[in-house]
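Have a look at the structure below before the remarks.
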Amino acid sequence: MNAVTAPAITTTYREALRMALREALQRDPRVFLMGEDVGRYGGTYAVSKGLLEEFGEERIRDTPLSESAFVGAGIGAALNGMLPVVEVMTCNFSLLALDQILNNAATLRHMSGGQFNIPLVIRMATGAGRQLAAQHSHSFEGWYAHIPGIRVVTPATLEDARGMLWTALMDPDPVIMFENALLYNLEGELAADAGAVDIDRAAVRRAGSDLTLVTYGGSLPKTLQAAERLAAQNISAEVIDLRTLRPLDMTTVLASLAKTHRMVIIDEGWKSGSLAAEIMARVMEQAFYELDAPIERVCSAEVPIPYARHLEQAAIPQVETILAAALRTVK
Amino acid sequence: MTPDPMLARNLLHQMVRIRRFEEKSAELYSAGKIRGFLHLYIGEEAVAVGVMQALQPQDAVFATYREHGHALARGLSAGAIMAEMYGKVEGCSHGRGGSMHLFDAAAKFYGGNAIVGGGLPLTVGYALAQKMQQRSGLAACFFGEGAIAEGEFHESMNLAALWNVPALFLCENNLYAMGTALERSEADTNLVEKAASYRMAGKSVDGMDVLAVLEAAQQAAQFVRAGNGPYFLEFRTYRFRAHSMFDPELYRSKAEVERWKQRCPIAGFSARAISEGWLTSETIAAIETEVAYEIAQAVEFAEAGTLEPVETLTRDVYTARAQTE
Ligand SMILES: Cc1ncc(C[n+]2csc(CCOP(=O)(O)OP(=O)(O)O)c2C)c(N)n1
Ligand SMILES: [Mg+2]
């Protein structure tokens, strides 16, 4: 029997996100998108471009500059039968809404003894690399992954950009989706019938046997490049894309470690108290005797992201630094 | 208000400096010399220039990411600003901030804040400290009308009025916050009334007329200096360029932009200055020459600047401490 494979289309991460939004809006009248400049402006990163014309102002709702109010309003609407997708321009501005996210979205179900659900999706751009300096370049997905009560997803491929939104909307609890801004222009092939994907499991993006590179989001392309360079030196690296930062799929991570016994974690968050630190801690707790070498971490330097290009590049994970860490691990 | 020739020359000179500096910046952005976000102030020059003229050296200034004009008018050198946008050590923030984060302690220029509304609470606290320490300078805060939707605006207005602090709130109403027109983001677009609801004195001013700006700013500053508490000014203005270099400008018509360009603060003031006899066309030409020279020098300074070694990447995160033992 031959499996029928749908033809592939060439598309971008940005367009894949837009397809997902369009599908959700078509599929369920409870879905609506709101945020700053999602409509008339065409979306800060052009993700929602054209949706206003297609779905109208009720469902593609431009909000004033009021992160706390419109994120909170998303929570309220989710509480009352809607399926809102709230776009916060970048995670840097989400700090103005942090109170709503943490004190309301993450806690209402629990505080009420399980009486209420918040089926809300919050999307936000994250990451550095465009010389936008310290108030526009940070990566807070690791912080958000600290919070029980929310799920954190980080699409890093076209399939996930296309498929995570619907699954997240069907999740009865709040999901925050971090889109690394450097990925928006990522181009590639996507099955024409691509649809919802799971948001529970990490994915092995490249199989290998000598060491495990664990990453997510904007660092995935760099990590895959590093793996390629390692292959040229006859070192076989397995690359794991976490996909979901909370809850963490340690099963996939540990299965890989059981094979390779060495690990490097690549995470654009600051190193201290990072998601990378959490993964490291869990490996210590759950698989200490699998390790043949200390785990290495490639994270952002302990500095607000600087403007000057060479300093910014030095502050965040790079193919070279991933490579160097990998080589230390296998030497 | 009738300016003497010296004042008229200075006002025009400052506006032209800003205009030409930013035109050059846009060019250098296209050439890849300047990176990141670049928000141009072109069209709004009369606001920064008129207000700065009314401020004194002991006053503090807080601005937004659209602050090249404020920095220049406050007295930061064009070279230090340009070098900053080149990411050079000689820049006013030593290359760490870029276009959106210009700082200068000596000029009491407190940036360069790229979080909308972020400067408002700082201004309240700064002004409070002035009052508590019985110092004479006031704190002036520039912000866009978009910030008025933020909770921080309302919280700051209330605190400033409640504590009666010496603060000047300078709202640059250019009608848009990125692509969102004021009437699409405020149920009530009367901004002075919002300040009034916090019992703050305020006034709306034509931001395309540098003399009107200056006069209003002088009166407001005087009011604040006399200990009457904070003051709110709305300047009705317009940005002639896109929000940033990434903005396709789908939200407004070319005709609207053209209409506002007819009210260009520089062309308008130049014409008036000549017809009123405040300035001659020779003086205006001389200003252009001086400014062209200053900007060429600034670019040269930035080009010749140095890049910080990456070894010092993590400096200035904490204050350097004296070594123990
Ligand atoms: C808290 C926050 N939310 C969103 C942004 C993104 N943003 C930057 S400028 C801007 C528009 C601000 O408009 P306005 O206050 O009117 O100032 P203008 O740009 O017109 O000078 C937006 C939405 C931001 N920088 N900070
Ligand atoms: Mg504005």
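Within each chain, counting starts at residue 1; across the structure tokens, chains are named A, B, ... in the order shown, with ligands numbered 1 upward in that order.
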Next item on the list: Could you give me, as a PyMOL selection string, every polymer residue with an atom at most 7 Å away from an atom of ligand 1, counting only C-alpha atoms and all ligand atoms?
Entry: (chain A and resi 36+65+67+89+93+96) or (chain B and resi 66+114-117+143-147+172-178+243)
Let's have the selection written as a tab-separated table (two decimals), in the first residue's frame, with N, CA, C and O atoms.
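Generated output (selection02.tsv):
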```
chain	number	residue	atom	x	y	z
A	36	GLU	N	-2.17	44.85	19.33
A	36	GLU	CA	-1.79	46.15	18.78
A	36	GLU	C	-1.41	46.00	17.30
A	36	GLU	O	-0.56	45.18	16.96
A	65	LEU	N	-2.80	50.80	22.89
A	65	LEU	CA	-1.57	50.38	23.59
A	65	LEU	C	-1.91	50.18	25.07
A	65	LEU	O	-1.85	51.12	25.86
A	67	GLU	N	-1.41	46.79	27.12
A	67	GLU	CA	-1.15	45.35	27.20
A	67	GLU	C	-1.89	44.68	28.35
A	67	GLU	O	-2.45	43.60	28.21
A	89	MET	N	2.83	42.33	20.91
A	89	MET	CA	3.80	42.61	19.85
A	89	MET	C	5.13	41.88	20.06
A	89	MET	O	5.60	41.19	19.17
A	93	PHE	N	7.15	43.61	25.77
A	93	PHE	CA	6.00	44.41	26.20
A	93	PHE	C	5.01	43.56	27.01
A	93	PHE	O	4.12	44.09	27.66
A	96	LEU	N	4.21	44.24	30.72
A	96	LEU	CA	3.13	45.11	31.19
A	96	LEU	C	1.87	44.32	31.46
A	96	LEU	O	0.96	44.81	32.14
B	66	ARG	N	11.75	57.99	19.71
B	66	ARG	CA	11.76	58.90	18.56
B	66	ARG	C	12.44	60.19	19.02
B	66	ARG	O	11.87	61.27	18.97
B	114	ALA	N	12.19	52.97	25.01
B	114	ALA	CA	11.48	52.32	23.91
B	114	ALA	C	10.30	51.49	24.36
B	114	ALA	O	9.73	50.73	23.59
B	115	ILE	N	9.94	51.62	25.63
B	115	ILE	CA	8.70	51.00	26.09
B	115	ILE	C	7.68	52.13	26.15
B	115	ILE	O	7.89	53.13	26.86
B	116	VAL	N	6.62	52.00	25.37
B	116	VAL	CA	5.65	53.09	25.30
B	116	VAL	C	5.11	53.40	26.69
B	116	VAL	O	4.63	52.51	27.39
B	117	GLY	N	5.24	54.65	27.10
B	117	GLY	CA	4.79	55.07	28.42
B	117	GLY	C	5.82	54.86	29.51
B	117	GLY	O	5.64	55.30	30.65
B	143	PHE	N	6.20	62.17	25.25
B	143	PHE	CA	5.62	60.85	24.93
B	143	PHE	C	4.60	61.02	23.83
B	143	PHE	O	4.07	62.12	23.63
B	144	GLY	N	4.33	59.94	23.12
B	144	GLY	CA	3.36	60.00	22.03
B	144	GLY	C	1.95	59.85	22.57
B	144	GLY	O	1.73	59.40	23.69
B	145	GLU	N	0.98	60.21	21.74
B	145	GLU	CA	-0.43	60.09	22.17
B	145	GLU	C	-0.81	58.62	22.37
B	145	GLU	O	-1.75	58.33	23.10
B	146	GLY	N	-0.05	57.72	21.74
B	146	GLY	CA	-0.34	56.30	21.92
B	146	GLY	C	-0.20	55.87	23.37
B	146	GLY	O	-0.91	54.99	23.85
B	147	ALA	N	0.71	56.53	24.08
B	147	ALA	CA	0.97	56.17	25.47
B	147	ALA	C	-0.23	56.45	26.37
B	147	ALA	O	-0.32	55.89	27.48
B	172	GLU	N	3.12	64.40	22.42
B	172	GLU	CA	3.29	64.67	20.99
B	172	GLU	C	2.21	63.90	20.24
B	172	GLU	O	2.37	62.71	19.96
B	173	ASN	N	1.12	64.59	19.97
B	173	ASN	CA	0.00	63.92	19.31
B	173	ASN	C	0.17	64.03	17.80
B	173	ASN	O	-0.24	65.01	17.18
B	174	ASN	N	0.79	63.00	17.23
B	174	ASN	CA	0.96	62.96	15.77
B	174	ASN	C	-0.12	62.10	15.12
B	174	ASN	O	0.02	61.66	13.99
B	175	LEU	N	-1.18	61.87	15.85
B	175	LEU	CA	-2.40	61.21	15.38
B	175	LEU	C	-2.32	59.71	15.19
B	175	LEU	O	-3.35	59.04	15.05
B	176	TYR	N	-1.12	59.15	15.18
B	176	TYR	CA	-1.00	57.70	15.00
B	176	TYR	C	-0.04	57.08	16.00
B	176	TYR	O	1.00	57.67	16.32
B	177	ALA	N	-0.39	55.92	16.45
B	177	ALA	CA	0.53	55.06	17.18
B	177	ALA	C	0.76	53.88	16.25
B	177	ALA	O	-0.14	53.08	16.03
B	178	MET	N	1.93	53.82	15.66
B	178	MET	CA	2.18	52.92	14.53
B	178	MET	C	1.05	53.11	13.53
B	178	MET	O	0.91	54.18	12.98
B	243	HIS	N	6.37	55.15	10.46
B	243	HIS	CA	6.62	54.98	11.90
B	243	HIS	C	8.08	54.62	12.15
B	243	HIS	O	8.73	55.16	13.02
```
Item checked: Nearby residues (only C-alpha atoms) at most 7 Å from Phe32 in chain A, same-chain spacing under 4 positions excluded, as a ChimeraX atom specification -> /A:25,59-60,83-85
Just to be explicit: take each residue in the selection above, keep N, CA and C atoms, and write the result as a JSON list (two decimals), in the first residue's frame.
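The resulting file, part.json, is shown below:
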```
[["chain", "number", "residue", "atom", "x", "y", "z"],
["A", 25, "LEU", "N", -9.96, 30.84, 12.45],
["A", 25, "LEU", "CA", -11.05, 31.81, 12.34],
["A", 25, "LEU", "C", -12.20, 31.25, 11.51],
["A", 59, "ARG", "N", -13.53, 40.57, 14.49],
["A", 59, "ARG", "CA", -12.72, 39.38, 14.78],
["A", 59, "ARG", "C", -11.23, 39.62, 14.61],
["A", 60, "ILE", "N", -10.87, 40.70, 13.94],
["A", 60, "ILE", "CA", -9.46, 41.09, 13.85],
["A", 60, "ILE", "C", -9.43, 42.47, 14.51],
["A", 83, "LEU", "N", -12.79, 31.93, 22.19],
["A", 83, "LEU", "CA", -11.45, 31.35, 22.04],
["A", 83, "LEU", "C", -10.52, 32.43, 21.49],
["A", 84, "PRO", "N", -10.08, 33.34, 22.35],
["A", 84, "PRO", "CA", -9.29, 34.47, 21.86],
["A", 84, "PRO", "C", -7.85, 34.08, 21.56],
["A", 85, "VAL", "N", -7.33, 34.70, 20.50],
["A", 85, "VAL", "CA", -5.90, 34.66, 20.23],
["A", 85, "VAL", "C", -5.44, 36.09, 20.47]]
```
Next item on the list: May I have the residues of chain B within 7 Å of chain A, counting only C-alpha atoms, written as a PyMOL selection string?
Entry: chain B and resi 35-37+87+95-98+114-115+146-147+149-151+179-180+185+250-251+310+313-314+317
Margin query: I'd like the contact shell of Asp59 in chain B - 8 Å cut-off, only C-alpha atoms, skipping same-chain residues fewer than 5 positions apart - returned as a PyMOL selection string.
Written below: chain B and resi 108+137-140
Using N, CA, C and O atoms, can you export the residues from the last selection as a PDB file, in the first residue's frame?
```
ATOM      1  N   LYS B 108      21.509  66.137  31.426  1.00  0.00           N
ATOM      2  CA  LYS B 108      20.311  65.654  32.107  1.00  0.00           C
ATOM      3  C   LYS B 108      19.301  65.114  31.080  1.00  0.00           C
ATOM      4  O   LYS B 108      18.107  65.417  31.126  1.00  0.00           O
ATOM      5  N   GLY B 137      15.110  72.490  39.467  1.00  0.00           N
ATOM      6  CA  GLY B 137      14.766  72.043  38.114  1.00  0.00           C
ATOM      7  C   GLY B 137      13.492  71.215  38.068  1.00  0.00           C
ATOM      8  O   GLY B 137      13.117  70.555  39.036  1.00  0.00           O
ATOM      9  N   LEU B 138      12.829  71.242  36.931  1.00  0.00           N
ATOM     10  CA  LEU B 138      11.640  70.408  36.752  1.00  0.00           C
ATOM     11  C   LEU B 138      12.006  69.184  35.922  1.00  0.00           C
ATOM     12  O   LEU B 138      13.108  69.088  35.386  1.00  0.00           O
ATOM     13  N   ALA B 139      11.075  68.262  35.814  1.00  0.00           N
ATOM     14  CA  ALA B 139      11.270  67.080  34.977  1.00  0.00           C
ATOM     15  C   ALA B 139      10.291  67.148  33.819  1.00  0.00           C
ATOM     16  O   ALA B 139       9.083  67.291  34.031  1.00  0.00           O
ATOM     17  N   ALA B 140      10.830  67.071  32.595  1.00  0.00           N
ATOM     18  CA  ALA B 140      10.000  67.164  31.394  1.00  0.00           C
ATOM     19  C   ALA B 140       9.966  65.811  30.709  1.00  0.00           C
ATOM     20  O   ALA B 140      11.002  65.188  30.502  1.00  0.00           O
TER      21      ALA B 140
END
```
Check: Nearest to Glu27 in chain B: which of B:Asp316, B:Val299, B:Trp260, B:Asp209 is it, counting only C-alpha atoms?
Finding: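 The closest residue to Glu27 in chain B is B:Val299.
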Checklist line | Long-range neighbours of range 289-298 of chain A as a list in words, 7 Å cut-off, only C-alpha atoms, 6 positions minimum in chain | finding: Leu257, Ala258, His261, Arg262, Met263, Val264, Ile265, Ile266, Asp267, Ala276, Pro317, Thr321, Ile322, Ala325 and Thr329 of chain A
Can you write just those residues out, N, CA and C atoms, as a JSON list (two decimals), in the first residue's frame?
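What ended up in out-v4.json:
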```json
[["chain", "number", "residue", "atom", "x", "y", "z"],
["A", 257, "LEU", "N", 19.63, 10.91, 25.55],
["A", 257, "LEU", "CA", 20.83, 10.87, 26.40],
["A", 257, "LEU", "C", 21.27, 9.43, 26.67],
["A", 258, "ALA", "N", 20.29, 8.53, 26.78],
["A", 258, "ALA", "CA", 20.61, 7.13, 27.05],
["A", 258, "ALA", "C", 21.43, 6.53, 25.90],
["A", 261, "HIS", "N", 24.88, 9.80, 25.85],
["A", 261, "HIS", "CA", 25.57, 10.03, 27.13],
["A", 261, "HIS", "C", 26.25, 11.39, 27.24],
["A", 262, "ARG", "N", 26.01, 12.28, 26.31],
["A", 262, "ARG", "CA", 26.60, 13.62, 26.36],
["A", 262, "ARG", "C", 25.54, 14.62, 25.91],
["A", 263, "MET", "N", 25.61, 15.83, 26.49],
["A", 263, "MET", "CA", 24.54, 16.77, 26.16],
["A", 263, "MET", "C", 25.01, 18.23, 26.20],
["A", 264, "VAL", "N", 24.53, 18.97, 25.22],
["A", 264, "VAL", "CA", 24.70, 20.43, 25.22],
["A", 264, "VAL", "C", 23.29, 21.02, 25.10],
["A", 265, "ILE", "N", 23.01, 22.03, 25.91],
["A", 265, "ILE", "CA", 21.69, 22.67, 25.84],
["A", 265, "ILE", "C", 21.87, 24.08, 25.29],
["A", 266, "ILE", "N", 21.09, 24.43, 24.31],
["A", 266, "ILE", "CA", 21.21, 25.74, 23.67],
["A", 266, "ILE", "C", 19.91, 26.50, 23.91],
["A", 267, "ASP", "N", 20.03, 27.66, 24.53],
["A", 267, "ASP", "CA", 18.86, 28.39, 25.03],
["A", 267, "ASP", "C", 19.19, 29.88, 24.98],
["A", 276, "ALA", "N", 17.56, 26.16, 30.43],
["A", 276, "ALA", "CA", 18.67, 25.22, 30.29],
["A", 276, "ALA", "C", 19.07, 24.68, 31.67],
["A", 317, "PRO", "N", 23.61, 32.84, 21.63],
["A", 317, "PRO", "CA", 24.19, 31.60, 21.09],
["A", 317, "PRO", "C", 24.48, 31.71, 19.59],
["A", 321, "THR", "N", 29.78, 28.95, 18.95],
["A", 321, "THR", "CA", 29.82, 28.65, 20.39],
["A", 321, "THR", "C", 29.16, 27.31, 20.68],
["A", 322, "ILE", "N", 28.17, 26.95, 19.88],
["A", 322, "ILE", "CA", 27.54, 25.63, 20.04],
["A", 322, "ILE", "C", 28.56, 24.54, 19.69],
["A", 325, "ALA", "N", 31.20, 24.14, 22.38],
["A", 325, "ALA", "CA", 30.68, 23.43, 23.56],
["A", 325, "ALA", "C", 30.54, 21.94, 23.25],
["A", 329, "THR", "N", 32.47, 18.66, 25.01],
["A", 329, "THR", "CA", 31.72, 17.54, 25.59],
["A", 329, "THR", "C", 32.20, 16.18, 25.10]]
```
Residues of range 107-216 of chain A in alpha helix (DSSP H), written as a short mmCIF file (atom, residue, chain, number, x, y, z; two decimals) with all heavy atoms, in the first residue's frame:
```cif
data_model
loop_
_atom_site.label_atom_id
_atom_site.label_comp_id
_atom_site.auth_asym_id
_atom_site.auth_seq_id
_atom_site.Cartn_x
_atom_site.Cartn_y
_atom_site.Cartn_z
N LEU A 108 -6.60 31.18 37.76
CA LEU A 108 -8.05 31.15 37.96
C LEU A 108 -8.61 29.74 38.11
O LEU A 108 -9.45 29.49 38.98
CB LEU A 108 -8.77 31.89 36.82
CG LEU A 108 -8.83 33.41 37.01
CD1 LEU A 108 -9.30 34.10 35.73
CD2 LEU A 108 -9.76 33.78 38.17
N ARG A 109 -8.11 28.85 37.28
CA ARG A 109 -8.63 27.48 37.38
C ARG A 109 -8.35 26.92 38.77
O ARG A 109 -9.23 26.40 39.44
CB ARG A 109 -7.99 26.59 36.30
CG ARG A 109 -8.48 25.18 36.42
CD ARG A 109 -7.94 24.22 35.37
NE ARG A 109 -8.29 22.87 35.79
CZ ARG A 109 -9.48 22.32 35.59
NH1 ARG A 109 -10.40 22.99 34.93
NH2 ARG A 109 -9.75 21.12 36.04
N HIS A 110 -7.12 27.08 39.19
CA HIS A 110 -6.75 26.49 40.47
C HIS A 110 -7.44 27.16 41.65
O HIS A 110 -7.99 26.49 42.54
CB HIS A 110 -5.24 26.57 40.65
CG HIS A 110 -4.80 25.98 41.95
ND1 HIS A 110 -4.67 24.62 42.13
CD2 HIS A 110 -4.52 26.55 43.14
CE1 HIS A 110 -4.33 24.38 43.39
NE2 HIS A 110 -4.22 25.54 44.02
N MET A 111 -7.43 28.49 41.65
CA MET A 111 -8.02 29.23 42.78
C MET A 111 -9.50 28.93 42.95
O MET A 111 -10.04 29.02 44.04
CB MET A 111 -7.87 30.74 42.60
CG MET A 111 -6.47 31.25 42.72
SD MET A 111 -6.45 33.06 42.79
CE MET A 111 -7.18 33.52 41.24
N GLU A 141 10.74 33.36 27.24
CA GLU A 141 9.99 32.10 27.25
C GLU A 141 10.38 31.21 28.43
O GLU A 141 9.54 30.52 29.00
CB GLU A 141 10.15 31.35 25.92
CG GLU A 141 11.56 31.13 25.43
CD GLU A 141 12.14 32.32 24.65
OE1 GLU A 141 11.51 33.40 24.62
OE2 GLU A 141 13.24 32.16 24.09
N GLY A 142 11.65 31.27 28.82
CA GLY A 142 12.09 30.49 29.97
C GLY A 142 11.42 30.96 31.26
O GLY A 142 11.05 30.16 32.11
N TRP A 143 11.25 32.27 31.38
CA TRP A 143 10.54 32.82 32.54
C TRP A 143 9.12 32.32 32.58
O TRP A 143 8.61 31.92 33.62
CB TRP A 143 10.41 34.34 32.39
CG TRP A 143 11.53 35.18 32.83
CD1 TRP A 143 12.84 34.83 32.98
CD2 TRP A 143 11.43 36.56 33.16
NE1 TRP A 143 13.54 35.92 33.37
CE2 TRP A 143 12.71 36.98 33.49
CE3 TRP A 143 10.36 37.45 33.19
CZ2 TRP A 143 12.97 38.29 33.86
CZ3 TRP A 143 10.62 38.75 33.56
CH2 TRP A 143 11.92 39.18 33.89
N TYR A 144 8.45 32.41 31.45
CA TYR A 144 7.05 31.99 31.42
C TYR A 144 6.92 30.50 31.71
O TYR A 144 5.93 30.06 32.29
CB TYR A 144 6.40 32.38 30.08
CG TYR A 144 6.01 33.85 30.04
CD1 TYR A 144 6.78 34.78 29.37
CD2 TYR A 144 4.88 34.29 30.71
CE1 TYR A 144 6.44 36.12 29.35
CE2 TYR A 144 4.52 35.64 30.70
CZ TYR A 144 5.30 36.55 30.01
OH TYR A 144 4.95 37.87 30.00
N LEU A 158 8.21 25.14 10.05
CA LEU A 158 6.98 25.51 9.33
C LEU A 158 5.80 24.66 9.79
O LEU A 158 4.69 25.16 9.95
CB LEU A 158 7.18 25.35 7.83
CG LEU A 158 8.28 26.22 7.19
CD1 LEU A 158 8.28 26.02 5.68
CD2 LEU A 158 8.09 27.67 7.52
N GLU A 159 6.05 23.37 10.01
CA GLU A 159 4.97 22.47 10.44
C GLU A 159 4.38 22.95 11.77
O GLU A 159 3.16 22.94 11.96
CB GLU A 159 5.48 21.03 10.62
CG GLU A 159 5.76 20.27 9.35
CD GLU A 159 7.03 20.74 8.65
OE1 GLU A 159 7.89 21.39 9.31
OE2 GLU A 159 7.16 20.50 7.43
N ASP A 160 5.27 23.34 12.66
CA ASP A 160 4.78 23.76 13.98
C ASP A 160 4.13 25.14 13.92
O ASP A 160 3.16 25.41 14.62
CB ASP A 160 5.92 23.73 15.00
CG ASP A 160 6.20 22.31 15.48
OD1 ASP A 160 5.40 21.40 15.14
OD2 ASP A 160 7.19 22.09 16.19
N ALA A 161 4.66 26.01 13.07
CA ALA A 161 4.03 27.32 12.90
C ALA A 161 2.62 27.12 12.36
O ALA A 161 1.68 27.82 12.72
CB ALA A 161 4.86 28.19 11.96
N ARG A 162 2.48 26.15 11.49
CA ARG A 162 1.18 25.86 10.88
C ARG A 162 0.26 25.11 11.83
O ARG A 162 -0.95 25.32 11.84
CB ARG A 162 1.40 25.03 9.61
CG ARG A 162 0.15 24.52 8.91
CD ARG A 162 -0.64 25.67 8.31
NE ARG A 162 -1.89 25.19 7.72
CZ ARG A 162 -3.02 25.04 8.40
NH1 ARG A 162 -3.05 25.31 9.69
NH2 ARG A 162 -4.10 24.61 7.79
N GLY A 163 0.84 24.25 12.63
CA GLY A 163 0.00 23.28 13.34
C GLY A 163 -0.23 23.50 14.82
O GLY A 163 -1.14 22.92 15.40
N MET A 164 0.59 24.33 15.46
CA MET A 164 0.47 24.43 16.92
C MET A 164 -0.74 25.25 17.37
O MET A 164 -1.30 25.01 18.45
CB MET A 164 1.74 25.03 17.52
CG MET A 164 2.86 24.00 17.71
SD MET A 164 4.28 24.76 18.51
CE MET A 164 5.16 23.30 19.09
N LEU A 165 -1.15 26.22 16.56
CA LEU A 165 -2.18 27.15 17.02
C LEU A 165 -3.51 26.45 17.32
O LEU A 165 -4.12 26.67 18.36
CB LEU A 165 -2.39 28.26 15.99
CG LEU A 165 -3.45 29.28 16.41
CD1 LEU A 165 -2.91 30.19 17.51
CD2 LEU A 165 -3.92 30.12 15.23
N TRP A 166 -3.93 25.60 16.40
CA TRP A 166 -5.23 24.96 16.60
C TRP A 166 -5.22 24.07 17.85
O TRP A 166 -6.14 24.10 18.66
CB TRP A 166 -5.64 24.15 15.35
CG TRP A 166 -7.00 23.55 15.53
CD1 TRP A 166 -7.28 22.25 15.79
CD2 TRP A 166 -8.24 24.26 15.55
NE1 TRP A 166 -8.64 22.08 15.96
CE2 TRP A 166 -9.25 23.30 15.82
CE3 TRP A 166 -8.61 25.60 15.36
CZ2 TRP A 166 -10.60 23.65 15.90
CZ3 TRP A 166 -9.95 25.93 15.44
CH2 TRP A 166 -10.93 24.97 15.71
N THR A 167 -4.16 23.33 17.98
CA THR A 167 -4.05 22.45 19.15
C THR A 167 -4.06 23.29 20.43
O THR A 167 -4.69 22.95 21.43
CB THR A 167 -2.77 21.61 19.07
OG1 THR A 167 -2.64 21.12 17.73
CG2 THR A 167 -2.80 20.46 20.04
N ALA A 168 -3.35 24.42 20.37
CA ALA A 168 -3.29 25.30 21.54
C ALA A 168 -4.67 25.87 21.85
O ALA A 168 -5.06 25.98 23.01
CB ALA A 168 -2.29 26.43 21.28
N LEU A 169 -5.43 26.19 20.81
CA LEU A 169 -6.77 26.73 21.04
C LEU A 169 -7.71 25.68 21.63
O LEU A 169 -8.61 26.00 22.40
CB LEU A 169 -7.35 27.25 19.71
CG LEU A 169 -6.97 28.68 19.35
CD1 LEU A 169 -7.38 28.98 17.91
CD2 LEU A 169 -7.62 29.68 20.30
N MET A 170 -7.50 24.44 21.25
CA MET A 170 -8.34 23.36 21.77
C MET A 170 -7.94 22.98 23.19
O MET A 170 -8.68 22.27 23.87
CB MET A 170 -8.25 22.13 20.84
CG MET A 170 -8.89 22.34 19.47
SD MET A 170 -10.66 22.76 19.60
CE MET A 170 -10.63 24.50 19.26
#
```
Checklist line | Separation of CA of Thr157 in chain A from CA of Tyr13 in chain A, in Å and rounded to one decimal | finding: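 Distance between the two atoms: 7.1 Å.
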Item checked: Nearby residues (only C-alpha atoms) at most 10 Å from Ile266 in chain B, same-chain spacing under 6 positions excluded, as a ChimeraX atom specification -> /B:11-16,19,43-46,208-210,272
Note to self: I'd like the contact shell of Ser136 in chain B - 8 Å cut-off, only C-alpha atoms, skipping same-chain residues fewer than 4 positions apart - returned as a ChimeraX atom specification.
What the structure shows: /B:58,130-131,225
Output for the residues just chosen: N, CA and C atoms as a CSV table (one decimal), in the first residue's frame:
```csv
chain,number,residue,atom,x,y,z
B,58,GLN,N,19.1,73.1,34.5
B,58,GLN,CA,18.8,72.3,35.7
B,58,GLN,C,17.6,71.4,35.5
B,130,GLN,N,13.2,65.9,43.1
B,130,GLN,CA,13.5,67.3,43.1
B,130,GLN,C,12.8,68.1,44.2
B,131,LYS,N,11.6,67.8,44.4
B,131,LYS,CA,10.8,68.4,45.4
B,131,LYS,C,11.3,68.1,46.8
B,225,ARG,N,7.4,75.8,37.8
B,225,ARG,CA,8.5,76.3,38.6
B,225,ARG,C,7.9,77.1,39.8
```
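When CA of Leu242 in chain A is paired with CA of Thr5 in chain A, their separation reads 26.2 Å.
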Note to self: For range 225-227 of chain A, find every residue with an atom within 8 Å (counting only C-alpha atoms), except residues of its own chain fewer than 2 positions away, and show them as a list in words.
What the structure shows: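 Result of the neighbour search: Pro221, Lys222, Thr223, Arg229, Leu230, Ala231, Ser236, Ala237, Glu238, Val239, Val319, Glu320, Ile322 and Leu323 of chain A.
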Next item on the list: Identify all residues of range 113-164 of chain A in strand (DSSP E) (DSSP on the backbone) and supply them as a list of chain:residue names.
Entry: A:Val121, A:Ile122, A:Arg123, A:Met124, A:Ala125, A:Thr126, A:Arg151, A:Val152, A:Val153
Notebook entry, point to check: What separation in Å, quoted to one decimal, exists between CA of Ala127 in chain B and CA of Pro166 in chain B?
Noted result: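 Answer for the CA of Ala127 in chain B to CA of Pro166 in chain B separation: 5.3 Å.
Among the candidates B:Ala242, B:Val124, B:Ala71, B:Ala286, the one nearest to Leu40 in chain B when counting only C-alpha atoms is B:Ala242.
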